[in-house]
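Structure data (mmCIF, C-alpha atoms (C1' of nucleotides)) from work-v8.cif:
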```cif
data_model
#
loop_
_atom_site.label_atom_id
_atom_site.label_comp_id
_atom_site.auth_asym_id
_atom_site.auth_seq_id
_atom_site.Cartn_x
_atom_site.Cartn_y
_atom_site.Cartn_z
CA MET A 1 46.28 42.14 12.14
CA LYS A 2 47.55 39.04 10.32
CA LEU A 3 51.19 38.63 9.40
CA ALA A 4 52.03 35.59 7.29
CA THR A 5 55.09 33.97 5.77
CA TRP A 6 55.10 31.55 2.86
CA ASN A 7 57.87 29.96 0.83
CA VAL A 8 56.01 29.71 -2.48
CA ASN A 9 58.75 27.83 -4.42
CA SER A 10 58.34 29.86 -7.64
CA LEU A 11 56.06 32.86 -7.50
CA ARG A 12 55.04 32.60 -11.14
CA VAL A 13 53.97 28.96 -10.80
CA ARG A 14 52.22 29.57 -7.49
CA LEU A 15 50.53 32.88 -8.30
CA PRO A 16 47.05 31.31 -8.68
CA HIS A 17 47.42 29.60 -5.28
CA LEU A 18 48.71 32.80 -3.73
CA ALA A 19 45.90 34.91 -5.16
CA ASP A 20 43.24 32.48 -3.94
CA TRP A 21 44.92 32.26 -0.54
CA LEU A 22 45.14 36.06 -0.16
CA ALA A 23 41.44 36.34 -0.95
CA ARG A 24 40.51 33.63 1.55
CA VAL A 25 42.84 34.45 4.46
CA GLN A 26 43.00 38.22 4.02
CA PRO A 27 46.44 38.68 5.60
CA ASP A 28 47.61 42.24 6.21
CA ILE A 29 51.31 41.54 5.68
CA VAL A 30 52.85 38.62 3.77
CA CYS A 31 56.50 37.63 3.57
CA LEU A 32 57.29 35.47 0.54
CA GLN A 33 60.39 33.41 -0.17
CA GLU A 34 61.85 31.50 -3.13
CA LEU A 35 60.30 33.71 -5.76
CA LYS A 36 62.74 32.27 -8.34
CA THR A 37 61.87 35.26 -10.48
CA GLU A 38 63.72 38.23 -11.88
CA ASP A 39 62.39 41.59 -10.75
CA ALA A 40 61.32 42.41 -14.30
CA LYS A 41 58.94 39.43 -14.20
CA PHE A 42 57.54 40.07 -10.73
CA PRO A 43 53.70 39.97 -10.93
CA ARG A 44 53.28 43.43 -9.47
CA ALA A 45 50.00 44.24 -11.23
CA GLU A 46 48.30 41.02 -10.11
CA LEU A 47 49.26 41.55 -6.47
CA GLN A 48 48.32 45.20 -6.53
CA ALA A 49 44.96 44.19 -7.97
CA ALA A 50 44.59 41.89 -4.96
CA GLY A 51 45.00 44.94 -2.73
CA TYR A 52 48.68 44.81 -1.78
CA ARG A 53 51.63 47.15 -1.96
CA VAL A 54 54.76 45.20 -2.80
CA ALA A 55 58.48 45.31 -2.16
CA PHE A 56 60.64 42.61 -3.70
CA LEU A 57 64.19 41.49 -4.30
CA GLY A 58 64.41 38.81 -6.95
CA GLN A 59 66.89 36.97 -9.11
CA LYS A 60 66.72 34.40 -11.86
CA THR A 61 66.13 30.74 -10.92
CA TYR A 62 67.01 30.89 -7.21
CA ASN A 63 66.09 32.64 -3.98
CA GLY A 64 64.12 35.90 -4.08
CA VAL A 65 62.02 37.50 -1.33
CA ALA A 66 59.09 39.90 -1.15
CA ILE A 67 56.85 41.66 1.32
CA LEU A 68 53.20 42.37 0.53
CA SER A 69 51.19 44.75 2.69
CA ARG A 70 47.76 46.30 2.69
CA SER A 71 49.40 49.40 4.21
CA ALA A 72 52.12 51.63 2.83
CA LEU A 73 55.62 50.11 2.70
CA GLU A 74 58.27 52.47 3.98
CA ASP A 75 62.05 52.41 4.40
CA VAL A 76 62.58 49.30 2.31
CA SER A 77 66.03 47.79 2.71
CA THR A 78 67.54 44.72 1.08
CA GLY A 79 70.17 42.23 2.14
CA VAL A 80 72.13 42.18 5.37
CA PRO A 81 74.21 45.35 5.73
CA GLY A 82 77.92 44.57 5.64
CA PHE A 83 77.37 41.00 4.46
CA THR A 84 78.18 40.80 0.78
CA ASP A 85 75.97 38.20 -0.86
CA GLU A 86 74.90 37.56 -4.43
CA GLN A 87 71.95 35.55 -3.13
CA LYS A 88 68.76 37.53 -2.69
CA ARG A 89 67.54 36.38 0.71
CA VAL A 90 66.54 39.38 2.82
CA ILE A 91 64.16 42.30 2.43
CA ALA A 92 62.80 44.57 5.15
CA CYS A 93 60.33 47.41 5.46
CA THR A 94 58.24 49.38 7.91
CA THR A 95 54.53 48.85 7.50
CA ALA A 96 51.36 48.82 9.58
CA GLY A 97 53.24 50.17 12.58
CA MET A 98 55.96 47.56 12.71
CA ARG A 99 59.32 46.71 11.17
CA VAL A 100 59.24 43.48 9.16
CA ILE A 101 62.28 41.51 8.04
CA CYS A 102 61.56 38.76 5.51
CA VAL A 103 64.25 36.08 5.38
CA TYR A 104 65.06 33.09 3.21
CA CYS A 105 67.82 31.43 5.18
CA PRO A 106 70.26 29.16 3.37
CA ASN A 107 69.49 25.46 3.05
CA GLY A 108 72.99 24.29 3.98
CA GLN A 109 72.82 21.17 1.79
CA ALA A 110 74.80 18.87 4.07
CA VAL A 111 76.61 19.20 7.38
CA GLY A 112 80.27 19.95 6.70
CA SER A 113 79.73 21.22 3.15
CA GLU A 114 80.74 24.66 1.90
CA LYS A 115 77.05 25.58 1.77
CA TYR A 116 76.70 24.57 5.41
CA ALA A 117 79.58 26.86 6.37
CA TYR A 118 77.89 29.63 4.39
CA LYS A 119 74.65 28.97 6.25
CA LEU A 120 76.35 29.41 9.62
CA ARG A 121 78.18 32.56 8.46
CA TRP A 122 74.90 33.88 7.14
CA PHE A 123 73.10 33.25 10.43
CA ALA A 124 75.86 35.03 12.36
CA ALA A 125 75.45 38.06 10.12
CA LEU A 126 71.65 37.89 10.46
CA LYS A 127 71.92 37.90 14.23
CA GLU A 128 74.05 41.06 14.19
CA TYR A 129 71.62 42.68 11.79
CA VAL A 130 68.38 41.89 13.63
CA GLY A 131 70.01 42.79 16.95
CA ALA A 132 70.84 46.25 15.59
CA GLU A 133 67.37 46.58 14.08
CA LEU A 134 65.76 45.63 17.39
CA SER A 135 67.35 48.61 19.12
CA ARG A 136 65.92 50.92 16.44
CA HIS A 137 62.52 49.25 16.02
CA PRO A 138 61.02 47.86 19.24
CA SER A 139 58.11 46.41 17.28
CA LEU A 140 59.97 44.03 14.98
CA ALA A 141 59.04 40.79 13.24
CA VAL A 142 61.50 38.45 11.55
CA ALA A 143 59.52 36.06 9.39
CA GLY A 144 60.49 33.50 6.83
CA ASP A 145 61.97 30.18 5.91
CA PHE A 146 64.75 29.65 8.45
CA ASN A 147 65.64 26.20 7.20
CA VAL A 148 66.10 25.10 10.81
CA ALA A 149 63.77 22.87 12.81
CA PRO A 150 64.45 24.32 16.27
CA GLU A 151 63.55 21.31 18.39
CA ASP A 152 62.93 17.59 17.99
CA ARG A 153 59.20 18.20 18.31
CA ASP A 154 59.49 20.18 15.07
CA VAL A 155 60.72 17.05 13.27
CA HIS A 156 58.51 14.14 12.21
CA ASP A 157 61.25 11.56 12.82
CA PRO A 158 63.97 13.01 15.06
CA LYS A 159 65.94 9.77 15.06
CA ALA A 160 66.17 9.64 11.27
CA TRP A 161 67.10 13.32 11.13
CA GLU A 162 69.58 13.29 14.00
CA GLY A 163 72.67 15.32 13.14
CA GLN A 164 71.39 16.12 9.64
CA VAL A 165 71.24 19.53 8.05
CA HIS A 166 68.27 21.58 9.37
CA VAL A 167 68.53 20.03 12.83
CA SER A 168 72.27 19.92 13.60
CA GLY A 169 73.54 21.44 16.82
CA PRO A 170 75.30 24.45 15.26
CA GLU A 171 72.23 25.33 13.18
CA ARG A 172 69.93 25.10 16.16
CA ALA A 173 72.38 27.18 18.21
CA ALA A 174 72.41 29.82 15.46
CA TRP A 175 68.61 29.86 15.45
CA ARG A 176 68.42 30.03 19.26
CA ALA A 177 70.84 32.96 19.22
CA LEU A 178 68.02 34.99 17.67
CA LEU A 179 65.82 34.13 20.65
CA GLY A 180 68.74 35.19 22.82
CA LEU A 181 68.20 38.72 21.51
CA GLY A 182 64.72 38.61 23.01
CA PHE A 183 62.67 37.33 20.08
CA LYS A 184 59.85 34.85 20.59
CA ASP A 185 58.92 32.04 18.24
CA THR A 186 55.27 33.07 18.01
CA PHE A 187 54.17 29.51 17.25
CA ARG A 188 55.44 28.42 20.67
CA LEU A 189 53.66 31.19 22.54
CA PHE A 190 50.55 29.03 22.38
CA GLU A 191 49.48 25.52 23.14
CA GLN A 192 49.74 23.66 19.84
CA PRO A 193 48.67 20.26 18.57
CA GLU A 194 51.52 17.78 18.16
CA LYS A 195 53.18 17.13 14.81
CA ILE A 196 52.58 20.50 13.22
CA TYR A 197 55.02 21.14 10.37
CA SER A 198 55.45 23.72 7.63
CA TRP A 199 57.38 21.76 5.00
CA TRP A 200 56.95 18.29 3.51
CA ASP A 201 59.15 16.66 0.88
CA TYR A 202 57.48 16.28 -2.51
CA ARG A 203 58.64 12.67 -2.56
CA MET A 204 57.67 9.59 -0.63
CA LEU A 205 54.08 10.71 -0.05
CA ALA A 206 55.55 12.84 2.72
CA PHE A 207 52.57 15.18 3.03
CA ARG A 208 50.08 12.35 3.22
CA ARG A 209 52.24 10.75 5.94
CA ASN A 210 52.73 14.15 7.62
CA ALA A 211 56.48 13.49 7.39
CA GLY A 212 57.50 17.11 7.72
CA LEU A 213 59.62 19.73 9.43
CA ARG A 214 58.63 23.02 11.04
CA ILE A 215 61.24 25.24 9.44
CA ASP A 216 59.17 28.35 8.70
CA GLN A 217 58.73 30.69 11.63
CA ILE A 218 57.54 34.13 12.64
CA LEU A 219 59.76 35.63 15.33
CA ALA A 220 58.47 38.63 17.26
CA SER A 221 60.37 41.16 19.36
CA PRO A 222 59.35 41.38 23.03
CA ALA A 223 57.12 44.42 22.47
CA LEU A 224 55.43 42.82 19.46
CA ALA A 225 55.11 39.37 21.03
CA GLN A 226 52.99 40.90 23.79
CA HIS A 227 50.33 41.57 21.17
CA CYS A 228 50.45 38.14 19.52
CA THR A 229 47.16 36.29 19.99
CA ALA A 230 47.67 33.25 17.71
CA CYS A 231 50.08 31.48 15.39
CA THR A 232 49.04 28.68 13.07
CA VAL A 233 50.16 26.74 10.02
CA ASP A 234 47.66 26.72 7.15
CA LYS A 235 47.98 23.30 5.51
CA GLU A 236 45.23 23.94 2.95
CA PRO A 237 47.39 25.20 0.08
CA ARG A 238 49.66 22.16 0.43
CA LYS A 239 46.67 19.97 -0.51
CA LEU A 240 46.17 21.59 -3.91
CA GLU A 241 47.42 20.38 -7.28
CA ARG A 242 51.04 21.48 -7.91
CA PRO A 243 51.53 22.92 -4.42
CA SER A 244 54.52 24.62 -2.91
CA ASP A 245 56.33 22.17 -0.64
CA HIS A 246 55.91 24.74 2.18
CA ALA A 247 52.71 25.82 3.91
CA PRO A 248 52.01 29.38 5.05
CA VAL A 249 52.45 30.32 8.70
CA ILE A 250 50.13 33.01 10.07
CA ALA A 251 50.53 35.08 13.23
CA VAL A 252 47.75 37.31 14.56
CA PHE A 253 48.45 40.50 16.52
CA SER A 254 45.99 42.62 18.51
"C1'" DA B 255 68.53 0.80 -2.01
"C1'" DT B 256 70.90 7.81 -0.59
"C1'" DG B 257 66.21 7.15 -4.67
"C1'" DG B 258 61.64 8.72 -4.52
"C1'" DC B 259 59.36 15.15 -6.59
"C1'" DT B 260 59.43 19.83 -8.43
"C1'" DA B 261 61.24 24.09 -10.70
"C1'" DC B 262 64.49 26.04 -13.54
"C1'" DG B 263 67.20 26.76 -17.61
"C1'" DA B 264 69.33 24.61 -20.31
"C1'" DT B 265 67.87 20.62 -23.69
"C1'" DC B 266 66.19 15.60 -24.08
"C1'" DC B 267 70.02 16.24 -18.42
"C1'" DG B 268 72.20 18.89 -14.50
"C1'" DT B 269 71.56 21.83 -10.36
"C1'" DA B 270 69.19 22.74 -6.28
"C1'" DG B 271 65.95 22.42 -2.87
"C1'" DA B 272 65.20 20.26 2.33
#
```
Transcribe the structure of this file into structure tokens.
Amino acid sequence: MKLATWNVNSLRVRLPHLADWLARVQPDIVCLQELKTEDAKFPRAELQAAGYRVAFLGQKTYNGVAILSRSALEDVSTGVPGFTDEQKRVIACTTAGMRVICVYCPNGQAVGSEKYAYKLRWFAALKEYVGAELSRHPSLAVAGDFNVAPEDRDVHDPKAWEGQVHVSGPERAAWRALLGLGFKDTFRLFEQPEKIYSWWDYRMLAFRRNAGLRIDQILASPALAQHCTACTVDKEPRKLERPSDHAPVIAVFS
DNA sequence: ATGGCTACGATCCGTAGA
């Protein structure tokens, strides 16, 4: 069973890459972020033709999340209950015997900015939400673009990034608070090569230099993590013409 | 040198991403 997450940075632009990738990798469940697409323009027919049921929460220009699954999607919920937010960042469903929460966490722009404060508020609300969900759904995955590089080894140049947004202490503490609920970062359940990242700036030849951050993660509840047999980043789509700036992350469960 | 790309929705530049 393969569960993947991918920030596609415009679903309409990336649909050919996504379709090719689905055919090649054959994931069972896919969490998508940054659709940048209104629901009316969601490419439902194309994804159904590829063999997936779909649940999505979109908006014009910004944000937008979706879950694709080869199995039925049940009990779809959107947003974080009790956290009023115009930004479409969270969708959840039950599928293939597990609960899946797809998240597009806020960028935060710059430490100290209003968007940074929003990011921290948002993470606090997410923690309450996933904690409550965990008690109801022992087999729970939280997958997406967290916009946090949890440790220095997730950063190509920790010195240059020190104290910056995505790596600041409060952001990392907010991310670690999710692990405090019992979740595992599936990528770190396994021995990994060094310098594995999931995002590279479009500028400065960052991908060629592997100047990236590992900000996309698949978190698994204790019961689910026991069944995780692998977690990898698939860099292949990042090598294509007009790529997303993020690469997919794939976790395998027995 | 605080830029460098890319996507979007509005024009022929501004906002945002990370």
Q) Once the PyMOL selection byres ((chain A) within 8 of (chain B)) has been applied to the shown file, what residues remain in the selection, as a ChimeraX atom specification? A) /A:9-10,61,107,109,147,166,201-204
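Here the question is which of A:Ala174, A:Ala247, A:Val165, A:Val90 gets nearest to Ser198 of chain A using all atoms listed in the file, and that residue is A:Ala247.
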A straight line from atom CA of Ala19 of chain A to atom CA of Leu47 of chain A spans 7.6 Å
- Query: What does the distance between atom CA of Phe207 of chain A and atom CA of Lys36 of chain A come to in Å, to one decimal place?
  - Reply: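 One can read the atom CA of Phe207 of chain A to atom CA of Lys36 of chain A distance as 22.9 Å.
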Env of Leu213 of chain A: 6 Å cut, atoms = all atoms listed in the file, seq-sep filter 5 positions within chain, self excluded. Answer as a PDB file with C-alpha atoms, keeping the file's coordinate frame.
```
ATOM      1  CA  ASP A 154      59.490  20.180  15.070  1.00  0.00           C
ATOM      2  CA  VAL A 155      60.720  17.050  13.270  1.00  0.00           C
ATOM      3  CA  TYR A 197      55.020  21.140  10.370  1.00  0.00           C
ATOM      4  CA  TRP A 199      57.380  21.760   5.000  1.00  0.00           C
TER       5      TRP A 199
END
```
Write out as a list in words which residues come within 12 Å of Arg176 of chain A when counting only C-alpha atoms (C1' of nucleotides), dropping same-chain ones fewer than 6 positions away.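 In the requested format, the answer is Phe123, Ala124, Lys127, Phe146, Val148, Ala149, Pro150, Glu151, Val167, Gly169, Pro170, Gly182, Phe183, Lys184, Asp185 and Leu219 of chain A.
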- Of the candidates A:Leu18, A:Cys93, A:Ala141, A:Val54, which shows the shortest atom-to-atom distance to Asp39 of chain A, using only C-alpha atoms?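 Nearest candidate to Asp39 of chain A out of A:Leu18, A:Cys93, A:Ala141, A:Val54: A:Val54.
The protein and nucleic acid residues lying at most 8 Å from Ile218 of chain A are Ala4, Thr5, Ala141, Val142, Ala143, Gly144, Asp185, Thr186, Phe187, Asp216, Ala220, Val249, Ile250 and Ala251 of chain A, with all atoms listed in the file considered and sequence neighbours fewer than 2 positions away removed.
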- [ ] Do a neighbour search on segment 12-14 of chain A at 8 Å with all atoms listed in the file, toss out local chain neighbours closer than 2 positions, and write the hits as a PyMOL selection string.
- [x] chain A and resi 8-10+16-18+35+37+42-43+243-244
Please, what distance in Å, to one decimal, runs between atom CA of Leu68 of chain A and atom CA of Ala223 of chain A?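 These two atoms are separated by 22.4 Å.
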If we count all atoms listed in the file and set the cut-off at 6 Å, which residues sit around Leu140 of chain A, ignoring sequence neighbours fewer than 3 positions away in its own chain? Please answer as a list in words.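 Contacts, in chain order: Met98, Arg99, Val100, His137 and Ser221 of chain A.
Using only C-alpha atoms, the smallest distance between any of A:Ala160, A:Leu15, A:Ala72, A:Ala125 and Trp175 of chain A comes from A:Ala125.
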